[in-house]
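Shown here: target.csv, CSV, C-alpha atoms.
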```
chain,number,residue,atom,x,y,z
N,1,MET,CA,-9.6,-112.3,11.6
N,2,SER,CA,-11.5,-113.3,14.6
N,3,GLU,CA,-14.5,-111.4,16.0
N,4,GLU,CA,-15.1,-110.6,19.6
N,5,ASN,CA,-18.2,-108.9,20.9
N,6,ARG,CA,-21.2,-109.8,23.0
N,7,ALA,CA,-22.3,-113.5,22.9
N,8,GLY,CA,-23.0,-114.8,19.5
N,9,THR,CA,-21.4,-114.3,16.1
N,10,ALA,CA,-22.8,-111.4,14.0
N,11,MET,CA,-24.2,-112.4,10.6
N,12,VAL,CA,-25.3,-110.4,7.6
N,13,LEU,CA,-28.7,-111.6,6.2
N,14,LEU,CA,-29.2,-110.9,2.5
N,15,TYR,CA,-32.6,-110.4,0.9
N,16,LYS,CA,-33.5,-110.3,-2.8
N,17,GLY,CA,-36.1,-108.3,-4.8
N,18,THR,CA,-38.8,-105.8,-3.8
N,19,SER,CA,-40.5,-108.6,-1.7
N,20,PHE,CA,-37.2,-109.0,0.2
N,21,ASP,CA,-37.0,-112.8,0.1
N,22,LEU,CA,-34.2,-114.2,2.3
N,23,VAL,CA,-31.6,-115.7,0.0
N,24,GLY,CA,-28.7,-116.4,2.3
N,25,LYS,CA,-26.4,-115.2,5.1
N,26,MET,CA,-22.7,-114.7,5.8
N,27,THR,CA,-20.6,-113.8,8.8
N,28,LEU,CA,-20.1,-110.0,9.3
N,29,SER,CA,-16.4,-110.5,9.9
N,30,SER,CA,-15.9,-112.1,6.5
N,31,LEU,CA,-17.4,-109.1,4.8
N,32,MET,CA,-15.4,-106.7,7.0
N,33,VAL,CA,-12.2,-108.3,6.1
N,34,GLU,CA,-12.8,-107.1,2.5
N,35,GLY,CA,-14.3,-103.7,3.6
N,36,LEU,CA,-11.4,-103.0,5.9
N,37,ARG,CA,-8.6,-104.2,3.6
N,38,ARG,CA,-7.6,-100.7,2.5
N,39,ASP,CA,-7.2,-99.6,6.1
N,40,LEU,CA,-5.2,-102.6,7.3
N,41,PRO,CA,-1.5,-102.2,7.4
N,42,ASP,CA,0.9,-104.5,5.5
N,43,SER,CA,2.5,-106.7,8.1
N,44,ASP,CA,4.7,-109.7,8.2
N,45,VAL,CA,3.5,-110.5,11.8
N,46,ASP,CA,2.0,-113.9,12.2
N,47,GLU,CA,-0.3,-112.8,15.0
N,48,PRO,CA,-4.0,-113.0,14.1
N,49,LEU,CA,-6.1,-109.9,13.7
N,50,ILE,CA,-8.7,-109.5,16.4
N,51,MET,CA,-11.7,-107.3,15.8
N,52,HIS,CA,-14.0,-105.8,18.4
N,53,LEU,CA,-17.4,-104.4,17.2
N,54,ARG,CA,-19.8,-101.9,18.6
N,55,TYR,CA,-23.2,-101.3,17.1
N,56,VAL,CA,-24.0,-97.6,17.0
N,57,ARG,CA,-27.7,-96.7,17.0
N,58,ARG,CA,-27.4,-93.7,14.7
N,59,PRO,CA,-30.0,-94.1,11.9
N,60,ASP,CA,-28.8,-93.8,8.3
N,61,PRO,CA,-31.6,-94.2,5.7
N,62,ARG,CA,-29.4,-93.5,2.7
N,63,LEU,CA,-29.0,-96.3,0.1
N,64,VAL,CA,-25.8,-98.1,-0.6
N,65,ASP,CA,-24.0,-96.4,-3.5
N,66,GLY,CA,-23.5,-98.4,-6.6
N,67,PRO,CA,-25.3,-99.8,-9.7
N,68,ARG,CA,-27.8,-101.8,-7.6
N,69,THR,CA,-30.3,-100.5,-5.0
N,70,ILE,CA,-29.3,-102.0,-1.7
N,71,HIS,CA,-31.3,-101.2,1.4
N,72,ASN,CA,-30.0,-101.5,5.0
N,73,LEU,CA,-33.1,-103.1,6.5
N,74,ARG,CA,-31.9,-102.5,10.0
N,75,SER,CA,-30.8,-98.9,9.3
N,76,GLN,CA,-31.3,-98.0,13.0
N,77,ILE,CA,-27.7,-99.3,13.2
N,78,GLY,CA,-26.1,-96.8,10.8
N,79,ARG,CA,-22.5,-97.1,12.0
N,80,LEU,CA,-20.1,-99.7,13.4
N,81,GLY,CA,-17.4,-98.9,15.9
N,82,VAL,CA,-14.4,-101.1,14.9
N,83,ILE,CA,-11.3,-101.8,16.9
N,84,VAL,CA,-8.8,-104.1,15.2
N,85,SER,CA,-5.7,-105.2,17.1
N,86,GLN,CA,-2.7,-107.4,16.2
N,87,GLY,CA,0.0,-108.7,18.5
N,88,GLY,CA,-1.3,-106.4,21.3
N,89,GLU,CA,-1.1,-103.3,19.1
N,90,THR,CA,-4.2,-101.4,17.9
N,91,VAL,CA,-4.2,-101.0,14.1
N,92,ILE,CA,-7.7,-99.6,13.6
N,93,ASP,CA,-9.9,-97.7,16.0
N,94,ARG,CA,-12.7,-95.7,14.4
N,95,GLU,CA,-16.4,-95.6,13.4
N,96,TYR,CA,-17.6,-96.5,9.9
N,97,PRO,CA,-20.9,-95.9,8.3
N,98,VAL,CA,-22.4,-99.3,7.6
N,99,ARG,CA,-23.3,-98.5,4.0
N,100,GLU,CA,-19.7,-97.3,3.3
N,101,LEU,CA,-18.0,-100.2,5.0
N,102,LEU,CA,-20.2,-103.0,3.6
N,103,GLY,CA,-21.7,-101.4,0.5
N,104,PRO,CA,-18.9,-102.0,-2.0
N,105,VAL,CA,-18.5,-105.6,-0.9
N,106,LEU,CA,-22.2,-106.3,-1.0
N,107,GLN,CA,-22.4,-104.7,-4.5
N,108,HIS,CA,-19.9,-107.3,-5.6
N,109,VAL,CA,-21.6,-110.2,-3.8
N,110,VAL,CA,-25.1,-109.5,-5.2
N,111,GLN,CA,-23.6,-109.2,-8.7
N,112,GLN,CA,-22.3,-112.7,-8.4
N,113,LEU,CA,-25.6,-114.0,-7.0
N,114,ASP,CA,-27.9,-112.6,-9.6
N,115,ALA,CA,-26.7,-110.0,-12.1
N,116,ASP,CA,-30.2,-109.2,-13.3
N,117,GLU,CA,-31.8,-108.4,-10.0
N,118,GLN,CA,-31.6,-104.7,-9.2
N,119,VAL,CA,-33.1,-104.4,-5.7
N,120,TRP,CA,-31.6,-106.0,-2.6
N,121,GLY,CA,-31.7,-105.7,1.1
N,122,PHE,CA,-29.4,-106.7,4.0
N,123,CYS,CA,-29.3,-106.5,7.8
N,124,ILE,CA,-26.8,-107.1,10.5
N,125,ASP,CA,-28.1,-109.9,12.7
N,126,HIS,CA,-26.9,-110.5,16.2
N,127,PRO,CA,-28.7,-111.5,19.5
N,128,SER,CA,-28.2,-108.0,20.9
N,129,LEU,CA,-30.1,-106.6,18.0
N,130,SER,CA,-33.1,-108.9,18.1
N,131,GLY,CA,-35.4,-106.2,19.4
N,132,LEU,CA,-34.9,-104.0,16.3
N,133,ALA,CA,-37.6,-104.6,13.6
N,134,LEU,CA,-36.6,-104.8,10.0
N,135,GLY,CA,-37.7,-101.9,7.8
N,136,ARG,CA,-36.9,-100.1,4.6
N,137,SER,CA,-36.1,-96.6,5.8
N,138,THR,CA,-37.7,-93.6,4.2
N,139,PRO,CA,-34.9,-92.1,2.0
N,140,GLU,CA,-33.7,-88.6,2.6
N,141,VAL,CA,-34.9,-86.3,-0.2
N,142,GLU,CA,-32.3,-83.8,-1.5
N,143,GLY,CA,-33.1,-80.3,-2.8
N,144,THR,CA,-36.0,-79.6,-0.4
N,145,MET,CA,-36.7,-76.4,1.4
N,146,ASP,CA,-39.2,-75.2,4.0
N,147,LEU,CA,-41.7,-72.5,3.0
N,148,ASN,CA,-43.4,-70.1,5.5
N,149,LEU,CA,-46.4,-68.9,3.5
N,150,ARG,CA,-47.5,-66.7,6.4
N,151,GLU,CA,-44.6,-64.3,5.9
N,152,SER,CA,-45.8,-61.0,4.4
N,153,ARG,CA,-42.8,-60.6,2.1
N,154,ARG,CA,-42.3,-63.3,-0.4
N,155,SER,CA,-41.3,-63.4,-4.1
N,156,PHE,CA,-43.9,-66.0,-5.2
N,157,THR,CA,-47.5,-66.8,-4.8
N,158,VAL,CA,-49.4,-70.1,-4.5
N,159,ARG,CA,-52.7,-70.7,-6.3
N,160,LYS,CA,-54.9,-73.7,-6.9
N,161,VAL,CA,-54.9,-75.0,-10.4
N,162,ALA,CA,-58.3,-75.7,-11.9
N,163,GLU,CA,-59.0,-79.4,-12.5
N,164,PRO,CA,-60.2,-80.4,-16.0
N,165,PRO,CA,-63.9,-81.4,-16.1
N,166,VAL,CA,-64.7,-85.1,-15.5
N,167,PRO,CA,-66.3,-86.7,-18.5
N,168,GLY,CA,-69.6,-88.4,-18.0
N,169,VAL,CA,-70.9,-92.0,-18.6
N,170,ASP,CA,-74.1,-93.9,-18.3
N,171,PRO,CA,-73.4,-96.9,-16.0
N,172,ALA,CA,-76.1,-98.8,-17.9
N,173,ASP,CA,-73.8,-98.9,-20.9
N,174,LEU,CA,-71.4,-100.9,-18.7
N,175,GLY,CA,-74.0,-103.2,-17.3
N,176,ILE,CA,-74.1,-101.4,-13.9
N,177,ASP,CA,-77.3,-100.2,-12.2
N,178,ALA,CA,-76.7,-96.5,-11.5
N,179,ALA,CA,-79.4,-96.3,-8.9
N,180,GLY,CA,-77.6,-98.2,-6.2
N,181,LEU,CA,-74.1,-96.7,-6.7
N,182,GLY,CA,-72.4,-94.9,-3.9
N,183,GLN,CA,-70.3,-91.8,-4.3
N,184,VAL,CA,-67.2,-93.6,-5.6
N,185,THR,CA,-67.2,-97.0,-7.4
N,186,VAL,CA,-64.0,-98.8,-8.5
N,187,LEU,CA,-63.8,-100.5,-11.9
N,188,LEU,CA,-61.1,-103.1,-12.6
N,189,SER,CA,-60.3,-105.0,-15.8
N,190,GLY,CA,-59.9,-108.8,-15.4
N,191,ASP,CA,-56.2,-108.4,-15.9
N,192,ILE,CA,-55.8,-105.7,-13.2
N,193,HIS,CA,-57.9,-107.6,-10.8
N,194,GLY,CA,-55.8,-110.8,-11.4
N,195,HIS,CA,-52.6,-108.8,-11.0
N,196,LEU,CA,-53.7,-107.5,-7.6
N,197,GLN,CA,-54.5,-111.1,-6.6
N,198,GLU,CA,-51.3,-112.6,-7.8
N,199,MET,CA,-48.6,-109.8,-7.6
N,200,LYS,CA,-45.7,-110.8,-5.4
N,201,LEU,CA,-45.8,-109.0,-2.1
N,202,SER,CA,-43.5,-109.1,0.9
N,203,ARG,CA,-44.7,-110.7,4.1
N,204,ARG,CA,-41.9,-109.0,6.1
N,205,LEU,CA,-42.4,-105.3,5.1
N,206,GLU,CA,-45.4,-103.4,4.0
N,207,GLU,CA,-45.4,-102.4,0.4
N,208,GLY,CA,-47.3,-99.8,-1.6
N,209,GLY,CA,-47.6,-97.7,-4.7
N,210,PHE,CA,-49.9,-95.9,-7.0
N,211,LEU,CA,-53.1,-96.5,-8.9
N,212,LEU,CA,-53.4,-95.0,-12.4
N,213,GLY,CA,-56.3,-94.8,-14.7
N,214,LYS,CA,-59.2,-92.5,-15.5
N,215,VAL,CA,-62.3,-91.1,-13.7
N,216,LEU,CA,-65.8,-90.8,-15.1
N,217,ARG,CA,-68.8,-89.0,-13.7
N,218,VAL,CA,-72.0,-91.0,-13.4
N,219,LEU,CA,-74.9,-89.9,-15.6
N,220,GLY,CA,-78.4,-91.0,-15.0
N,221,PRO,CA,-80.7,-91.3,-11.9
N,222,GLU,CA,-79.6,-89.7,-8.6
N,223,ARG,CA,-78.4,-92.1,-6.0
N,224,ALA,CA,-81.1,-94.4,-4.7
N,225,GLU,CA,-82.6,-93.6,-1.3
N,226,GLY,CA,-80.4,-94.9,1.4
N,227,ALA,CA,-77.5,-95.7,-1.0
N,228,ASP,CA,-75.3,-93.1,0.7
N,229,ASP,CA,-76.5,-91.5,3.9
N,230,ASP,CA,-73.8,-88.9,4.1
N,231,ALA,CA,-75.8,-85.7,3.8
N,232,ASP,CA,-72.6,-83.6,3.2
N,233,ALA,CA,-71.4,-85.7,0.2
N,234,PRO,CA,-71.2,-83.9,-3.1
N,235,ALA,CA,-73.9,-84.7,-5.6
N,236,ASP,CA,-71.5,-86.0,-8.2
N,237,ARG,CA,-70.8,-89.7,-8.2
N,238,TYR,CA,-67.7,-91.2,-9.9
N,239,LEU,CA,-66.6,-94.4,-11.5
N,240,VAL,CA,-62.8,-94.9,-11.0
N,241,GLU,CA,-61.3,-97.1,-13.6
N,242,ILE,CA,-57.9,-98.4,-12.6
N,243,THR,CA,-55.7,-99.4,-15.6
N,244,GLU,CA,-52.3,-99.7,-14.0
N,245,VAL,CA,-50.8,-100.6,-10.6
N,246,THR,CA,-47.2,-99.3,-10.1
N,247,PRO,CA,-45.0,-99.8,-7.0
N,248,ALA,CA,-43.8,-96.5,-5.4
N,249,GLU,CA,-40.1,-95.7,-5.8
N,250,HIS,CA,-38.0,-94.1,-3.0
N,251,ALA,CA,-40.5,-95.2,-0.3
N,252,GLY,CA,-39.9,-96.3,3.3
N,253,ALA,CA,-41.4,-99.3,4.9
N,254,GLY,CA,-41.5,-101.5,8.0
N,255,ALA,CA,-43.7,-104.3,9.3
N,256,LEU,CA,-46.3,-101.8,10.4
N,257,HIS,CA,-45.8,-98.7,8.2
N,258,PHE,CA,-45.4,-97.5,4.6
N,259,THR,CA,-44.1,-94.0,3.7
N,260,PHE,CA,-44.1,-92.1,0.5
N,261,THR,CA,-41.6,-89.4,-0.2
N,262,GLY,CA,-41.6,-86.4,-2.6
N,263,ASP,CA,-39.5,-88.4,-5.0
N,264,SER,CA,-42.2,-91.1,-5.0
N,265,PHE,CA,-44.7,-88.6,-6.4
N,266,ARG,CA,-42.1,-87.1,-8.8
N,267,GLU,CA,-41.4,-90.5,-10.3
N,268,VAL,CA,-45.0,-91.4,-10.8
N,269,ASN,CA,-45.8,-88.0,-12.3
N,270,GLN,CA,-43.0,-88.5,-14.8
N,271,ARG,CA,-44.4,-91.9,-15.6
N,272,ILE,CA,-47.8,-90.5,-16.3
N,273,THR,CA,-46.4,-87.7,-18.5
N,274,ALA,CA,-44.0,-89.9,-20.4
N,275,SER,CA,-46.7,-92.4,-21.3
N,276,GLY,CA,-48.6,-89.9,-23.5
N,277,GLN,CA,-51.8,-91.6,-22.5
N,278,ASP,CA,-55.0,-90.1,-21.1
N,279,ARG,CA,-54.6,-91.3,-17.5
N,280,GLN,CA,-54.4,-89.8,-14.1
N,281,LEU,CA,-53.3,-90.6,-10.6
N,282,MET,CA,-56.4,-92.3,-9.2
N,283,GLY,CA,-54.9,-93.0,-5.7
N,284,TRP,CA,-52.6,-95.3,-3.9
N,285,TYR,CA,-52.4,-98.8,-2.4
N,286,HIS,CA,-50.5,-100.5,0.4
N,287,THR,CA,-50.4,-103.7,2.3
N,288,HIS,CA,-51.2,-104.7,5.9
N,289,LEU,CA,-49.5,-107.8,7.2
N,290,PHE,CA,-52.4,-109.1,9.2
N,291,SER,CA,-56.0,-110.2,8.7
N,292,GLY,CA,-58.4,-107.5,7.6
N,293,ASN,CA,-61.6,-109.2,8.9
N,294,GLU,CA,-62.0,-106.8,11.7
N,295,SER,CA,-60.0,-103.7,10.6
N,296,GLY,CA,-59.6,-101.5,7.6
N,297,LEU,CA,-57.5,-98.4,7.1
N,298,SER,CA,-55.5,-97.2,10.2
N,299,SER,CA,-55.9,-93.6,11.4
N,300,ILE,CA,-52.5,-92.9,9.9
N,301,ASP,CA,-53.7,-94.2,6.5
N,302,VAL,CA,-56.8,-92.0,6.7
N,303,ASP,CA,-54.8,-88.9,7.6
N,304,LEU,CA,-52.4,-89.6,4.7
N,305,HIS,CA,-55.1,-90.0,2.2
N,306,LEU,CA,-57.2,-87.0,3.3
N,307,GLY,CA,-54.1,-84.8,3.4
N,308,THR,CA,-52.5,-85.9,0.2
N,309,PHE,CA,-55.1,-87.3,-2.2
N,310,ARG,CA,-57.5,-84.3,-2.3
N,311,GLN,CA,-59.8,-85.2,-5.2
N,312,PRO,CA,-63.2,-86.8,-4.0
N,313,TRP,CA,-62.7,-89.6,-6.5
N,314,GLN,CA,-59.2,-90.7,-5.5
N,315,VAL,CA,-59.1,-94.0,-3.7
N,316,ALA,CA,-56.9,-95.9,-1.2
N,317,GLY,CA,-56.4,-99.6,-2.0
N,318,LEU,CA,-55.7,-101.9,1.0
N,319,ILE,CA,-54.4,-105.4,0.6
N,320,ASN,CA,-54.4,-107.5,3.9
N,321,LEU,CA,-52.0,-110.4,3.6
N,322,THR,CA,-52.1,-113.6,5.8
N,323,SER,CA,-50.8,-117.1,5.2
N,324,GLU,CA,-54.3,-118.1,3.9
N,325,GLU,CA,-55.9,-115.3,2.1
N,326,ARG,CA,-55.5,-111.9,0.5
N,327,LEU,CA,-58.2,-109.3,1.2
N,328,LEU,CA,-58.5,-106.5,-1.3
N,329,ARG,CA,-60.6,-103.4,-0.6
N,330,PHE,CA,-60.8,-99.8,-1.7
N,331,TYR,CA,-61.8,-96.7,0.2
N,332,ALA,CA,-62.7,-93.1,-0.8
N,333,ARG,CA,-63.2,-90.0,1.3
N,334,SER,CA,-66.6,-89.4,2.8
N,335,GLY,CA,-66.6,-86.0,4.6
N,336,ASP,CA,-63.8,-86.2,7.2
N,337,SER,CA,-63.5,-89.9,7.1
N,338,MET,CA,-63.1,-92.8,4.6
N,339,ARG,CA,-65.7,-95.3,3.3
N,340,GLU,CA,-65.3,-98.6,1.6
N,341,CYS,CA,-66.1,-98.6,-2.1
N,342,GLU,CA,-67.7,-101.3,-4.2
N,343,GLN,CA,-65.4,-102.9,-6.8
N,344,TRP,CA,-66.7,-104.1,-10.2
N,345,VAL,CA,-64.6,-106.4,-12.5
N,346,LYS,CA,-65.0,-106.5,-16.3
N,347,ASP,CA,-65.8,-109.8,-17.9
N,348,ASP,CA,-64.8,-111.2,-21.3
N,349,ARG,CA,-67.8,-109.4,-22.9
N,350,GLY,CA,-66.8,-106.0,-21.6
N,351,ARG,CA,-69.5,-106.0,-18.9
N,352,TYR,CA,-68.9,-105.5,-15.2
N,353,ARG,CA,-69.9,-107.7,-12.3
N,354,LEU,CA,-69.8,-106.9,-8.6
N,355,ALA,CA,-66.7,-108.5,-7.1
N,356,ARG,CA,-66.1,-110.1,-3.7
N,357,ALA,CA,-63.4,-108.5,-1.6
N,358,VAL,CA,-61.8,-111.7,-0.3
N,359,VAL,CA,-59.2,-113.3,-2.7
N,360,VAL,CA,-57.8,-116.7,-1.6
N,361,ASP,CA,-54.0,-116.7,-1.7
N,362,GLY,CA,-52.9,-120.3,-2.0
N,363,ARG,CA,-49.2,-119.6,-2.1
```
As structure tokens, what does this structure read like?
Amino acid sequence: MSEENRAGTAMVLLYKGTSFDLVGKMTLSSLMVEGLRRDLPDSDVDEPLIMHLRYVRRPDPRLVDGPRTIHNLRSQIGRLGVIVSQGGETVIDREYPVRELLGPVLQHVVQQLDADEQVWGFCIDHPSLSGLALGRSTPEVEGTMDLNLRESRRSFTVRKVAEPPVPGVDPADLGIDAAGLGQVTVLLSGDIHGHLQEMKLSRRLEEGGFLLGKVLRVLGPERAEGADDDADAPADRYLVEITEVTPAEHAGAGALHFTFTGDSFREVNQRITASGQDRQLMGWYHTHLFSGNESGLSSIDVDLHLGTFRQPWQVAGLINLTSEERLLRFYARSGDSMRECEQWVKDDRGRYRLARAVVVDGR
């Protein structure tokens, strides 16, 4: 089957794993021969099949059906207009959803490439599509409904659930001087700190997830004079101990954004409940694919945190990735804005030391 469209041959680029490393490419027409096989008539005509393609900009964020998770990383092109002719006669003239046309074929291809890998991505690549950025679309969430709580007649009520009291600790027992602590301080084990330094992260798409652990209230002297000049900050100070870093499921991403869904929170809450351990959702993290020397959280990041992570001790982790270094920082709410937190790392003797933010990434 030959392919005719605007200049250039369309390719399908294939990416592997949650970091979406490029592993290969193949012509779009070779995949479509398999995808269209059921719609092609049986024919003894020796004339070649000629295919004309049209890329339809109708976004489709849904995942490819099948045993493996396959993302369309250029989901702005959600459908393909396909005309196939043979011997001057049109045998196919219709639009196909990309995920339905290519999905079954790609499920078979990735099975042959790596049967153990569960997460893949693909995109249609053609000169006419060069202006479309790659991205992992935010999945549509089923079973949702809109609620108007201002209506006077409703069959339910909404009330705030009281939070359990936060246990206290004397920072001196951890080798930390309480007098100089700010409102929120992040504690990391050596293993967790190392994991954040070395975890494999995409350099094409932002990634993110959740931070799990426990929170402790600081006992001891009040904050030192000048340690925190926010007059509206609550008197309590917190030590946030992060014991697990888990990527978010069912999230959307691009080169300049990361998006949680309701399913992302459902999955992490099930993870916390199933563990049977005394741990909580301490906050979230995500990456920025540029240097962080002159910037921190974006205004969108700040709005997300303030609107979603409502506890004063919940933190936002930010990992700036460049080709030379990895910059790890944490932020917590301070009034209507966010402020960077100190991070302390546990040594082999169980004592904590103040950590530098910059982590060299030699890969």
Exercise: segment 18-20 of chain N partners within 6 Å, only C-alpha atoms, chain neighbours under 3 positions left out, as a PyMOL selection string: chain N and resi 15+201-202
Distance criterion (all atoms listed in the file): nearest to Glu342 of chain N out of N:Val184, N:Asn320, N:Ser295, N:Arg279: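 The shortest atom-to-atom distance to Glu342 of chain N comes from N:Val184.
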Shortest interatomic distance to Leu36 of chain N - which of N:His71, N:Lys16, N:Arg94, N:Arg237, counting all atoms listed in the file: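 Among the listed residues, N:Arg94 lies closest to Leu36 of chain N.
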N:Gln76, N:Ser30, N:Gln107, N:Gln112 ranked by distance to Gly131 of chain N, top pick (using all atoms listed in the file): N:Gln76
Surrounding residues of segment 304-310 of chain N excluding itself and chain neighbours under 3 positions, 9 Å, all atoms listed in the file, as a list in words: Met282, Gly283, Trp284, Ser299, Ile300, Asp301, Trp313, Gln314, Val315, Ala316, Ala332, Arg333, Asp336, Ser337 and Met338 of chain N
Thr287 of chain N environment, 8 Å, all atoms listed in the file, sequence neighbours closer than 5 positions dropped, as a PyMOL selection string: chain N and resi 206-208+318-321
Nearest candidate to Ile124 of chain N (options N:Lys200, N:His286, N:Lys25, N:Arg271; using only C-alpha atoms): N:Lys25
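Note that the spacing between atom CA of Gly66 of chain N and atom CA of Leu106 of chain N amounts to 9.8 Å.
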Residue nearest Gln280 of chain N among N:Trp120, N:Tyr55, N:Phe258, N:Phe210 (counting all atoms listed in the file):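 For Gln280 of chain N, the nearest of the given residues is N:Phe210.
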Residue neighbourhood Pro67 of chain N, 9 Å, all atoms listed in the file, exclusion window fewer than 2 positions, as number ranges by chain: N: 65, 69, 107, 118
Which residue of N:Thr273, N:Thr246, N:Thr9, N:Gln86 approaches Met26 of chain N most closely, using all atoms listed in the file: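 For Met26 of chain N, the nearest of the candidates is N:Thr9.
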